[in-house]
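Below you'll find the structure, written out as structure tokens, and then a few comments.
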Amino acid sequence: MRDISTSVPKTDHWEKTAGTAKYVADLAPEGALHALTFRSPIPHGEIRSLVLPDLPEGYASVDARDIPGKNGVHIIQDDMPVFAERTLRYVGEPILLLVGPDKTVLKRLLSAIRLETVPLEPVFDDRRADVWHHYVKGDPDQAFARAKRIIEYEYQTGLQEQAYLEPQGMIAIPEGDKMTLIGSIQCPYYVKNAVVPVLGCTSDKVRVIQPPVGGAFGGKEEFPSLIACQAAVAARKTKRPVRLIYERPEDIEVTTKRHPARIRLRAAIGEGNVVEAIASDIRLDGGAYLGLSNVVLSRSMIATTGAYTVPNVSCSGEVYVTNTVPTGAFRGFGAPQIFFAVEMFFQHLAKDLGEDPLAFKLRHLAKQGDLTATSGTFRDPILVPKMVKRALEMSDYQNKTRRYSGESPYRGLGLSLFFHGCGFTGSGEATIIKAEVQLRKNADDTVDVLIAAVDMGQGAKTTLAKIVAHTLDLPLDRVRFPYPDTDVVPDSGPTVASRTVMIVGGLLEKAAQKLKARWVSGVAVQLTERYQPPEWIKWDEKAFRGDAYPAYSWGVDVVEVSVDPRTYQVKIEGTWSVYDVGKGIDERILEGQADGGMTQGLAYGYMENMEIKQGVLRQRNLTDYIIPTACDCGPYAVEWVENPFVYGPMGAKGAGELTLIGAAPAVAAAIENAIGRRIRKIPATPESLLELIEYGKR
Amino acid sequence: MVEHRIPENLNEALKLLYHGDYQVMAGGTDLMVQRRSLSDTPLDFPKNMVYCAHLQELRGIRKEAHRVEIGAMTPLEDLLCHPDVPSLVRRAIGEMASPAIRHVATLGGNIANASPAGDTLPVLYLLDAWAELRSLAGSRMILIRDLITGPRALKIHPEEMLTKIGIPEMHFSHETFVKVGGRQADAISKVSLAAAADIVEGKVSDLRIAFGAVAPTVVRDETLEGAWEGATLSELKVGVWRLLDMYVPLIRPIDDQRSGKHYRHQVALNLLRDFIESLSEPTSEPGR
Amino acid sequence: MANVNFVLNHTPVAVEGGLNRRLLDVLRTDFGLKGPKEGCGEGECGACAVLIDHRIVNSCLMPLANCEGKDIVTIEGFSETERFTVLQKAYSECGAVQCGFCTPGMILASESLLHANPHPTEEEVRIGLSGNLCRCTGYNMIVKAVLLAAKEGEGLW
């Protein structure tokens with residue numbers, strides 16, 4: 001049998017290259033109405049009056065009063081309304097939809113709405129904490145009291161836009177008392193579970209179908225639930241299909257983004273320059289509504305000592321609420337922020353202590369059997385030392401670092417060590433998700449994979465089918481993985497958190513093993529597999545104590561940059577990465593995750609800049625919000641080490657987010673080394689580098 | 001009701017301009033963005049439109065004695081590959097937008113759009129390029145730096161059309177065009193510099209400097225340039241800080257969503273300094 | 001109302017009026033050609049790309065009026081060619097396709113580049129693709145695919 005890692009052509013390759021794949025905007029059900037959204041023009045205030053123009057025949061407005069059920073979008077915290085009722089909390093908050101057959105007319109009607117507001121003072125800083133957590137490992141107070149030296153710095157990260165190429169979109173189709181939603185989504189069951197309480201109907205009356213998705217990166221995790229609820233209410237009211245398709249400017253202005261963070265780290269340095277304790281204060285800007293922010297914060301807090309073992313930890317975290325567009329899920333989910341801070345902090349500690357940053361980091365690196373920051377255990381082998389060695393060889397790190405520190409300024413290398421906890425944080429898989437998968441063997445000996453996992457470009461359609469085919473020893477074309485439809489597939493959980501291959505793939509592997517045992521040619525059979533948590537996972541959510549994740553994927557990134565001394569523009573000269581994702585399910589698909597994750601992570605570190613001024617986004621299209629082009633990328637060199645995880649399918653762990661996480665700290669460290677100034681804030685734009693060169697700390 | 005017309009030829013286009021209130025559309029790559037409407041709805045133009053990109057009379061590149069003439073509707077990509085087009089112009093176009101844009105965007109359009117960040121403008125100012133404005137009554141020539149009066153503002157009569165660009169042939173021993181965008185390709189300029197010098201026998205015989213995106217229009221000051229004429233190369237190099245000081249009051253950039261005042265100002269000066277410091281005695285035949 | 005006449009995927013067509021409509025809308029709505037996608041609506045992302053007279057153009061910035069007399073090919077038309085077969089194979093072998101939303105535009109950018117320059121360097125490929133944004137890959141796999149296609153399809157361009 002072939003090694004599972006050997007690449008195969010992707011199952012959806014043809015429809016995507018030939019342009020026949022139909023994304024949500026390509027679908028137009030008979031008689032569908034268009035919907036445009038009327039939004040808050042102010043960051044904070046109350047509606048005093050709202051007067052609609054006379055609506056022609058066939059046009060309707062849809063607002064909070066039309067909601068048959070509850071006016072709240074169900075996610076972790078259900079604080080976001082489907083339509084604002086009285087209070088407006090951010091610029092762009094939806095107030096109502098106008099629906100009708102002609103968009104030109106809708107646009108005219110939209111501009112004729114008269115809204116009067118009573119402005120309230122908006123909040124843009126961190127004075128309104130809405131979630132707060134704290135945990136302790138060891139005895140940090142004593143460690144700080146005994147410390148030889150205490151060093152403290154603050155780090156900041158900015159907003160980042162997912163910038164999936166396909167803007168958000170949702171179509172709601174009413175048929176009798178049934179509502180079908182078709183949308184660009186990551187999580188069919190999130191959408192279903194959000195729409196049911198809004199329509200106030202029973203679960204069987206809502207059906208969600210996923211067409212091909214043009215990229216998501218977390219941006220289509222929770223946000224689509226909002227527009228699904230709105231479109232469903234509009235379709236219920238008008239009894240017509242409703243298309244709510246965003247265009248780019250609207251998409252950028254009102255959809256969720258990566259949480260900006262302010263992270264203070266304080267280290268107690270003991271004898272031999274050992275970090276005896278870290279005290280951290282992590283603050284995430286949640287925007288106007290919390291949504292998933294609580295969980296994003298958890299992931300940041302859990303990684304507060306990065307890839308290192310620190311015996312004593314005191315970690316506080318909070319999400320503060322501001323009058324800005326809500327932030328939410330984005331590949332990495334709180335990890336990119338904390339790994340930027342911790343990696344730079346360790347580099348800065350080393351510099352302050354007169355040590356070589358790499359040696360300093362390696363001395364503190366976590367080892368198998370060590371306690372994690374939350375006092376869980378790293379149970380599996382940690383291959384990072386070997387990976388570092390390889391990355392140094394590949395990049396010629398030592399020689400180049402020596403060379404550039406001397407005669408070649410404006411050129412530098414940076415290195416980052418990092419991990420990603422795979423799957424839901426804590427006991428989420430067992431207590432919240434409770435994933436279920438089904439395999440259906442047909443009489444013709446083909447097999448259907450019935451799961452709610454979404455292929456949004458990461459290749460799930462191929463990798464998951466491959467796991468089943470491989471386990472059953474069937475050719476891949478005998479295994480079908482149709483686009484998910486909640487009327488057909490069970491809830492295998494959301495397509496998030498690097499859980500798809502490890503958790504869903506793991507369940508499919510088990511199901512396939514059982515199916516193989518019962519295989520009778522020509523006989524149809526269907527079986528279900530449910531998630532059972534490994535009994536050793538113990539997590540105390542209240543105390544933030546225990547094993548936060550069943551497994552960790554690890555990575556080492558080296559990035560080389562040059563900085564133009566005239567323009568302070570950064571050029572990526574090369575990157576070298578070594579990753580441990582357990583066992584790769586398809587080498588080429590993994591390579592794709594590395595290529596894209598690295599690019600998105602690098603750009604987070606030095607290029608992508610998004611600012612909000614008085615509640616208004618300054619970069620509102622892809623001309624002003626700059627993401628990398630083909631001329632900005634590469635060359636990247638990538639290697640993988642095998643380190644099979646017992647509970648993953650064929651040994652696989654998560655891979656989708658890992659590849660993004662180390663890039664920003666590595667590029668920031670490289671820039672820091674190139675310009676000889678400390679970087680404590682990303683994105684490190686040319687504008688900010690000029691300031692550092694003029695005023696920054698060496 | 002806004003009229004939309006596709007004229008058969010230039011004369012018909014000029015007639016439309018003469019008799020009605022029309023705006024000329026060239027490749028459309030700027031206007032289509034500026035007047036963008038909702039997807040699947042027609043664009044919302046405030047004026048009558050006359051579409052001229054296809055007019056053969058306005059396309060093509062012709063070499064004349066001591067100058068090259070470029071039809072206003074010639075796509076930028078055609079200029080990029082044409083040996084008669086001055087190298088500085090080609091360099092600026094090479095840094096512009098993307099192939100898909102360059103295939104339809106035109107030189108006439110880039111001028112008429114008169115964006116402070118227009119990529120070809122510093123080079124056209126530098127080369128003393130002129131525009132031919134034509135109407136039913138005849139034609140006139142105007143220097144591009146006199147044609148553009150402000151952001152998106154031209155000294156052009158409603159019945160006139162920009163039909164041709166003339167670029168005088170010039171010899172420089174040194175020339176540069178640097179565009180600073182947010183990324184390596186396909187970006188709008190934060191600041192740009194076009195500069196050229198002719199150093200003959202150790203002396204400055206010609207010095208030209210034009211900045212883009214640091215003021216409402218391109219910054220070029222011939223008096224400042226002229227002050228260095230006849231100076232030796234080493235005088236110029238020693239005097240580089242004095243030269244930069246002279247430009248400080250002229251560089252008046254703004255803060256916007258793409259960059260900041262301070263950055264644009266400092267980088268503009270850095271680029272000029274770098275150009276002056278890179279000047280050396282020419283060893284081979286001067287380039288064009 | 002005036003007709004605009006052009007050749008679409010090798011068939012002469014006439015579209016009545018709406019000179020100020022975008023070519024992208026005409027293709028998607030009037031002809032049901034959904035291969036060209038709208039990613040940004042302002043010529044930044046290239047998802048809406050089509051070939052006009054063999055060169056890549058953003059159909060979202062193309063007023064219908066400017067299409068008079070042109071030869072327009074969308075991914076639907078191009079996918080019937082031998083050159084497409086070579087390109088799509090190379091894209092598969094190099095893992096150049098993830099979410100697929102940029103892919104039709106990317107393929108047409110590749111074709112436009114190879115049509116003008118059958119033996120591009122890596123640098124030239126990057127410039128050729130610089131108007132087509134992809135958010136899933138880091139472009140390296142797409143660049144590799146175009147270079148492979150140039151080799152495998154020797155003589156086709």
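Residue numbering restarts at 1 in every chain; chains get A, B, ... in the order shown in the structure tokens, and ligands count up from 1 in that same order.
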Those of chain C in DSSP helix (DSSP H, G or I), formatted as a count of residues only: 65
Interface list for chain B, partner chain C, 9 Å threshold, only C-alpha atoms, as a PyMOL selection string: chain B and resi 4-6+26-34+36+38-45+49+51-54+97-104+185-187
Each residue of chain C with at least one atom at most 7 Å from chain A should appear once, together with its nearest atom pair and the corresponding distance in Å (one decimal); atoms considered: only C-alpha atoms; ordering: chain, then increasing residue number; output as a Markdown table.
```
| residue | atom | partner | partner_atom | distance |
| --- | --- | --- | --- | --- |
| C:Lys34 | CA | A:Asp26 | CA | 6.0 |
| C:Gly35 | CA | A:Gly19 | CA | 4.4 |
| C:Gly39 | CA | A:Leu165 | CA | 5.6 |
| C:Cys40 | CA | A:Arg248 | CA | 5.0 |
| C:Glu44 | CA | A:Thr623 | CA | 6.3 |
| C:Ile75 | CA | A:Gly19 | CA | 6.2 |
| C:Glu76 | CA | A:Ala18 | CA | 6.6 |
| C:Ser79 | CA | A:Ala18 | CA | 5.6 |
| C:Gln88 | CA | A:Thr17 | CA | 6.3 |
| C:Ser92 | CA | A:Pro9 | CA | 6.1 |
| C:Gly95 | CA | A:Arg588 | CA | 5.9 |
| C:Gln98 | CA | A:Gly457 | CA | 4.1 |
| C:Cys99 | CA | A:Gly457 | CA | 3.4 |
| C:Gly100 | CA | A:Lys16 | CA | 5.0 |
| C:Phe101 | CA | A:Gly214 | CA | 5.0 |
| C:Cys102 | CA | A:Leu165 | CA | 6.8 |
| C:Thr103 | CA | A:Thr17 | CA | 5.8 |
| C:Pro104 | CA | A:Gly19 | CA | 5.6 |
| C:Arg126 | CA | A:Ala630 | CA | 5.1 |
| C:Ile127 | CA | A:Cys631 | CA | 6.3 |
| C:Leu129 | CA | A:Ala630 | CA | 6.3 |
| C:Ser130 | CA | A:Ala630 | CA | 5.3 |
| C:Leu133 | CA | A:Thr629 | CA | 6.0 |
| C:Cys134 | CA | A:Leu165 | CA | 6.9 |
| C:Arg135 | CA | A:Tyr164 | CA | 6.0 |
| C:Cys136 | CA | A:Gly596 | CA | 5.0 |
| C:Thr137 | CA | A:Gly596 | CA | 3.8 |
| C:Gly138 | CA | A:Gly596 | CA | 4.4 |
| C:Tyr139 | CA | A:Ala630 | CA | 5.4 |
| C:Asn140 | CA | A:Gly634 | CA | 6.4 |
```
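The space between atom CA of Gln619 of chain A and atom CA of Ile185 of chain A spans 24.3 Å.
Atom pair atom CA of Glu222 of chain A / atom CA of Val73 of chain A has a distance of 9.1 Å (rounded to one decimal).
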Per residue of chain B within 12 Å of chain A, what are the shortest atom pair and its distance in Å to one decimal, counting only C-alpha atoms, with rows by chain and residue number, as a tab-separated table?
```
residue	atom	partner	partner_atom	distance
B:Val33	CA	A:Thr623	CA	10.6
B:Arg36	CA	A:Pro249	CA	11.1
B:Ser37	CA	A:Thr104	CA	9.0
B:Leu38	CA	A:Lys103	CA	7.6
B:Ser39	CA	A:Glu247	CA	7.4
B:Asp40	CA	A:Lys103	CA	8.1
B:Thr41	CA	A:Thr104	CA	6.3
B:Pro42	CA	A:Thr104	CA	8.4
B:Leu43	CA	A:Thr104	CA	10.1
B:Asp44	CA	A:Thr104	CA	10.0
B:Glu95	CA	A:Cys631	CA	11.7
B:Ala97	CA	A:Thr623	CA	10.5
B:Ser98	CA	A:Thr629	CA	10.3
B:Val178	CA	A:Thr567	CA	9.9
B:Lys179	CA	A:Thr567	CA	9.7
B:Val180	CA	A:Thr567	CA	7.1
B:Gly181	CA	A:Gln569	CA	8.8
B:Gly182	CA	A:Ile626	CA	6.6
B:Arg183	CA	A:Asp632	CA	6.7
B:Gln184	CA	A:Asp632	CA	5.6
B:Ala185	CA	A:Cys631	CA	6.2
B:Asp186	CA	A:Thr629	CA	7.7
B:Ala187	CA	A:Thr623	CA	7.2
B:Ile188	CA	A:Thr623	CA	7.5
B:Ser189	CA	A:Asp624	CA	10.9
B:Lys190	CA	A:Thr567	CA	10.4
B:Val191	CA	A:Thr567	CA	9.6
B:Ser192	CA	A:Thr567	CA	10.4
B:Leu193	CA	A:Thr567	CA	11.6
B:Asp255	CA	A:Glu687	CA	11.2
B:Asp256	CA	A:Arg618	CA	8.2
B:Gln257	CA	A:Arg618	CA	5.5
B:Arg258	CA	A:Asp624	CA	6.2
B:Ser259	CA	A:Glu687	CA	7.1
B:Gly260	CA	A:Glu687	CA	7.1
B:Lys261	CA	A:Glu687	CA	9.6
B:His262	CA	A:Glu687	CA	8.3
B:Tyr263	CA	A:Glu687	CA	5.6
B:Arg264	CA	A:Glu687	CA	8.6
B:His265	CA	A:Thr567	CA	10.8
B:Gln266	CA	A:Leu690	CA	8.6
B:Val267	CA	A:Thr567	CA	5.5
B:Ala268	CA	A:Thr567	CA	8.5
B:Leu269	CA	A:Arg566	CA	8.8
B:Asn270	CA	A:Arg566	CA	5.3
B:Leu271	CA	A:Arg566	CA	6.1
B:Leu272	CA	A:Arg566	CA	9.4
B:Arg273	CA	A:Arg566	CA	8.9
B:Asp274	CA	A:Arg566	CA	7.4
B:Phe275	CA	A:Arg566	CA	10.4
```
Nearby residues (only C-alpha atoms) at most 10 Å from Asp477 of chain A, same-chain spacing under 3 positions excluded, as a list in words: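 Once the adjacent positions are removed, what remains is Thr11, Thr446, Val447, Ala465, Lys466, Ala469, Leu474 and Arg480 of chain A.
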Taking all heavy atoms for each residue, export the selection above as a PDB file, in the first residue's frame.
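As written to disk, part-v6.pdb reads:
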```
ATOM      1  N   THR A  11      -9.510  16.055  -5.358  1.00  0.00           N
ATOM      2  CA  THR A  11     -10.757  15.562  -5.952  1.00  0.00           C
ATOM      3  C   THR A  11     -11.574  16.675  -6.600  1.00  0.00           C
ATOM      4  O   THR A  11     -12.389  16.422  -7.469  1.00  0.00           O
ATOM      5  CB  THR A  11     -11.619  14.857  -4.890  1.00  0.00           C
ATOM      6  OG1 THR A  11     -11.838  15.781  -3.814  1.00  0.00           O
ATOM      7  CG2 THR A  11     -10.925  13.634  -4.337  1.00  0.00           C
ATOM      8  N   THR A 446     -19.275   1.448  -3.349  1.00  0.00           N
ATOM      9  CA  THR A 446     -18.696   2.775  -3.150  1.00  0.00           C
ATOM     10  C   THR A 446     -19.049   3.210  -1.727  1.00  0.00           C
ATOM     11  O   THR A 446     -19.971   2.659  -1.109  1.00  0.00           O
ATOM     12  CB  THR A 446     -19.261   3.809  -4.146  1.00  0.00           C
ATOM     13  OG1 THR A 446     -20.683   3.875  -3.953  1.00  0.00           O
ATOM     14  CG2 THR A 446     -18.939   3.426  -5.575  1.00  0.00           C
ATOM     15  N   VAL A 447     -18.305   4.194  -1.250  1.00  0.00           N
ATOM     16  CA  VAL A 447     -18.514   4.656   0.125  1.00  0.00           C
ATOM     17  C   VAL A 447     -18.730   6.165   0.131  1.00  0.00           C
ATOM     18  O   VAL A 447     -17.995   6.905  -0.526  1.00  0.00           O
ATOM     19  CB  VAL A 447     -17.292   4.288   1.006  1.00  0.00           C
ATOM     20  CG1 VAL A 447     -17.445   4.851   2.409  1.00  0.00           C
ATOM     21  CG2 VAL A 447     -17.101   2.777   1.048  1.00  0.00           C
ATOM     22  N   ALA A 465     -11.261  11.988   2.407  1.00  0.00           N
ATOM     23  CA  ALA A 465     -11.614  10.847   1.552  1.00  0.00           C
ATOM     24  C   ALA A 465     -10.440   9.880   1.463  1.00  0.00           C
ATOM     25  O   ALA A 465     -10.606   8.658   1.437  1.00  0.00           O
ATOM     26  CB  ALA A 465     -12.008  11.342   0.162  1.00  0.00           C
ATOM     27  N   LYS A 466      -9.263  10.462   1.441  1.00  0.00           N
ATOM     28  CA  LYS A 466      -8.052   9.648   1.341  1.00  0.00           C
ATOM     29  C   LYS A 466      -7.872   8.757   2.583  1.00  0.00           C
ATOM     30  O   LYS A 466      -7.484   7.589   2.465  1.00  0.00           O
ATOM     31  CB  LYS A 466      -6.866  10.608   1.206  1.00  0.00           C
ATOM     32  CG  LYS A 466      -5.680  10.055   0.488  1.00  0.00           C
ATOM     33  CD  LYS A 466      -4.654  11.166   0.295  1.00  0.00           C
ATOM     34  CE  LYS A 466      -3.287  10.564   0.001  1.00  0.00           C
ATOM     35  NZ  LYS A 466      -2.253  11.614  -0.072  1.00  0.00           N
ATOM     36  N   ALA A 469     -10.370   5.940   2.163  1.00  0.00           N
ATOM     37  CA  ALA A 469      -9.986   5.031   1.087  1.00  0.00           C
ATOM     38  C   ALA A 469      -8.784   4.191   1.512  1.00  0.00           C
ATOM     39  O   ALA A 469      -8.724   2.979   1.270  1.00  0.00           O
ATOM     40  CB  ALA A 469      -9.669   5.825  -0.181  1.00  0.00           C
ATOM     41  N   LEU A 474      -9.342   0.961  -0.625  1.00  0.00           N
ATOM     42  CA  LEU A 474     -10.149   1.193  -1.835  1.00  0.00           C
ATOM     43  C   LEU A 474      -9.472   2.248  -2.697  1.00  0.00           C
ATOM     44  O   LEU A 474      -8.790   3.123  -2.173  1.00  0.00           O
ATOM     45  CB  LEU A 474     -11.519   1.756  -1.450  1.00  0.00           C
ATOM     46  CG  LEU A 474     -12.612   0.842  -0.940  1.00  0.00           C
ATOM     47  CD1 LEU A 474     -13.861   1.684  -0.684  1.00  0.00           C
ATOM     48  CD2 LEU A 474     -12.920  -0.253  -1.948  1.00  0.00           C
ATOM     49  N   ARG A 480     -16.677   8.810  -1.943  1.00  0.00           N
ATOM     50  CA  ARG A 480     -17.219  10.128  -2.281  1.00  0.00           C
ATOM     51  C   ARG A 480     -17.398  10.955  -1.015  1.00  0.00           C
ATOM     52  O   ARG A 480     -17.848  10.443   0.008  1.00  0.00           O
ATOM     53  CB  ARG A 480     -18.585   9.977  -2.954  1.00  0.00           C
ATOM     54  CG  ARG A 480     -18.520   9.720  -4.450  1.00  0.00           C
ATOM     55  CD  ARG A 480     -19.921   9.847  -5.042  1.00  0.00           C
ATOM     56  NE  ARG A 480     -20.869   8.997  -4.318  1.00  0.00           N
ATOM     57  CZ  ARG A 480     -21.314   7.827  -4.781  1.00  0.00           C
ATOM     58  NH1 ARG A 480     -20.932   7.381  -5.950  1.00  0.00           N
ATOM     59  NH2 ARG A 480     -22.166   7.121  -4.069  1.00  0.00           N
TER      60      ARG A 480
END
```
Test item, strand (DSSP E) assignment across segment 258-496 of chain A, answer as JSON, numbers by chain: {"A": [261, 262, 263, 264, 265, 266, 267, 268, 269, 270, 274, 275, 276, 277, 278, 279, 280, 281, 282, 283, 284, 285, 286, 287, 312, 313, 314, 315, 316, 317, 318, 319, 320, 321, 411, 412, 413, 414, 415, 416, 417, 418, 419, 420, 421, 422, 436, 437, 438, 439, 440, 441, 447, 448, 449, 450, 479, 480]}
Using only C-alpha atoms: which of B:Glu12, B:Ser234, B:Ala65, B:Leu80 has the shortest distance to Thr120 of chain B: B:Leu80
Close residues, Glu175 of chain A itself excluded, 12 Å, only C-alpha atoms, min 6 positions apart in chain, as number ranges by chain: A: 181, 205-207, 232, 235-236, 238-241
Output the selection as a compact mmCIF listing (two decimals), in the first residue's frame - N, CA and C atoms for each residue.
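As a result, selection.txt now contains:
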```
# COMPACT_ATOMS: atom_id res chain seq x y z
N LEU A 181 -30.53 27.19 3.83
CA LEU A 181 -29.51 28.22 3.68
C LEU A 181 -28.32 27.65 2.93
N LYS A 205 -36.50 22.13 10.82
CA LYS A 205 -37.02 23.08 9.84
C LYS A 205 -35.92 23.93 9.21
N VAL A 206 -34.69 23.71 9.62
CA VAL A 206 -33.59 24.49 9.04
C VAL A 206 -32.57 23.53 8.45
N ARG A 207 -32.22 23.82 7.21
CA ARG A 207 -31.27 22.99 6.49
C ARG A 207 -30.17 23.90 5.96
N ALA A 232 -32.51 34.55 6.52
CA ALA A 232 -33.62 33.65 6.85
C ALA A 232 -34.85 34.46 7.28
N ALA A 235 -36.32 35.99 4.19
CA ALA A 235 -36.99 34.99 3.34
C ALA A 235 -38.31 34.56 3.97
N ARG A 236 -38.30 34.43 5.31
CA ARG A 236 -39.54 34.08 6.00
C ARG A 236 -40.60 35.16 5.77
N THR A 238 -40.77 37.55 3.34
CA THR A 238 -41.19 37.80 1.96
C THR A 238 -41.67 36.53 1.26
N LYS A 239 -41.40 35.38 1.88
CA LYS A 239 -41.72 34.08 1.28
C LYS A 239 -41.05 33.90 -0.08
N ARG A 240 -39.94 34.55 -0.23
CA ARG A 240 -39.16 34.41 -1.47
C ARG A 240 -37.71 34.09 -1.10
N PRO A 241 -36.97 33.44 -1.99
CA PRO A 241 -35.53 33.27 -1.72
C PRO A 241 -34.86 34.64 -1.64
```
Using only C-alpha atoms: which of B:Leu143, B:Ala213, B:Leu58, B:Ile251 has the shortest distance to Gly118 of chain B: B:Ala213
Between atom CA of Ala551 of chain A and atom CA of Gly421 of chain A - distance in Å to one decimal: 6.0 Å
Selection: 10 Å around Ile113 of chain A, only C-alpha atoms, excl. self and same-chain fewer than 3 positions, as an NGL selection string: :A and (38 or 50-54 or 108-110 or 116)
Export of prior selection with all heavy atoms as a tab-separated table (two decimals), in the first residue's frame:
```tsv
chain	number	residue	atom	x	y	z
A	38	PHE	N	-28.85	48.17	5.63
A	38	PHE	CA	-28.75	49.53	6.14
A	38	PHE	C	-28.03	49.47	7.47
A	38	PHE	O	-28.40	48.69	8.36
A	38	PHE	CB	-30.14	50.16	6.30
A	38	PHE	CG	-30.08	51.58	6.79
A	38	PHE	CD1	-29.63	52.60	5.96
A	38	PHE	CD2	-30.44	51.90	8.10
A	38	PHE	CE1	-29.56	53.91	6.42
A	38	PHE	CE2	-30.39	53.21	8.56
A	38	PHE	CZ	-29.94	54.21	7.71
A	50	LEU	N	-36.33	56.53	12.72
A	50	LEU	CA	-35.89	55.94	11.47
A	50	LEU	C	-37.10	55.96	10.54
A	50	LEU	O	-38.16	55.41	10.86
A	50	LEU	CB	-35.42	54.50	11.73
A	50	LEU	CG	-34.72	53.80	10.57
A	50	LEU	CD1	-33.68	52.83	11.10
A	50	LEU	CD2	-35.68	53.09	9.65
A	51	VAL	N	-36.95	56.68	9.43
A	51	VAL	CA	-38.07	56.80	8.50
A	51	VAL	C	-37.68	56.19	7.17
A	51	VAL	O	-36.67	56.56	6.56
A	51	VAL	CB	-38.47	58.28	8.31
A	51	VAL	CG1	-39.67	58.39	7.38
A	51	VAL	CG2	-38.76	58.92	9.66
A	52	LEU	N	-38.49	55.24	6.73
A	52	LEU	CA	-38.23	54.60	5.44
A	52	LEU	C	-38.93	55.35	4.33
A	52	LEU	O	-39.99	55.94	4.54
A	52	LEU	CB	-38.77	53.17	5.46
A	52	LEU	CG	-38.07	52.16	6.35
A	52	LEU	CD1	-38.87	50.87	6.38
A	52	LEU	CD2	-36.66	51.90	5.88
A	53	PRO	N	-38.36	55.34	3.13
A	53	PRO	CA	-39.10	55.88	1.99
A	53	PRO	C	-40.27	54.94	1.66
A	53	PRO	O	-40.30	53.81	2.15
A	53	PRO	CB	-38.06	55.87	0.87
A	53	PRO	CG	-37.11	54.77	1.24
A	53	PRO	CD	-37.08	54.75	2.75
A	54	ASP	N	-41.20	55.40	0.85
A	54	ASP	CA	-42.28	54.50	0.42
A	54	ASP	C	-41.66	53.39	-0.42
A	54	ASP	O	-40.91	53.66	-1.36
A	54	ASP	CB	-43.29	55.27	-0.45
A	54	ASP	CG	-44.13	56.18	0.43
A	54	ASP	OD1	-44.23	55.90	1.65
A	54	ASP	OD2	-44.64	57.19	-0.10
A	108	ARG	N	-31.21	53.05	-4.35
A	108	ARG	CA	-31.86	54.36	-4.24
A	108	ARG	C	-32.67	54.42	-2.94
A	108	ARG	O	-32.62	55.40	-2.21
A	108	ARG	CB	-32.77	54.58	-5.46
A	108	ARG	CG	-33.06	56.04	-5.74
A	108	ARG	CD	-34.02	56.19	-6.89
A	108	ARG	NE	-35.32	55.61	-6.60
A	108	ARG	CZ	-35.98	54.79	-7.43
A	108	ARG	NH1	-35.48	54.48	-8.61
A	108	ARG	NH2	-37.15	54.30	-7.08
A	109	LEU	N	-33.40	53.34	-2.67
A	109	LEU	CA	-34.22	53.31	-1.45
A	109	LEU	C	-33.34	53.40	-0.20
A	109	LEU	O	-33.65	54.11	0.76
A	109	LEU	CB	-35.05	52.03	-1.40
A	109	LEU	CG	-36.11	51.89	-2.48
A	109	LEU	CD1	-36.71	50.49	-2.47
A	109	LEU	CD2	-37.22	52.95	-2.30
A	110	LEU	N	-32.23	52.69	-0.26
A	110	LEU	CA	-31.32	52.67	0.89
A	110	LEU	C	-30.82	54.08	1.22
A	110	LEU	O	-30.76	54.48	2.39
A	110	LEU	CB	-30.13	51.75	0.57
A	110	LEU	CG	-29.32	51.22	1.75
A	110	LEU	CD1	-30.13	50.21	2.55
A	110	LEU	CD2	-28.03	50.57	1.25
A	116	GLU	N	-32.19	59.25	12.43
A	116	GLU	CA	-31.70	60.24	13.40
A	116	GLU	C	-31.19	59.48	14.61
A	116	GLU	O	-31.85	58.56	15.10
A	116	GLU	CB	-32.84	61.15	13.85
A	116	GLU	CG	-33.03	62.36	12.96
A	116	GLU	CD	-34.09	63.27	13.57
A	116	GLU	OE1	-33.77	63.95	14.57
A	116	GLU	OE2	-35.22	63.24	13.08
```
Which residue of A:Ala84, A:Val91, A:Leu226, A:Ala268 approaches Asn323 of chain A most closely, using only C-alpha atoms: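 Using only C-alpha atoms, Asn323 of chain A sits closest to A:Val91.
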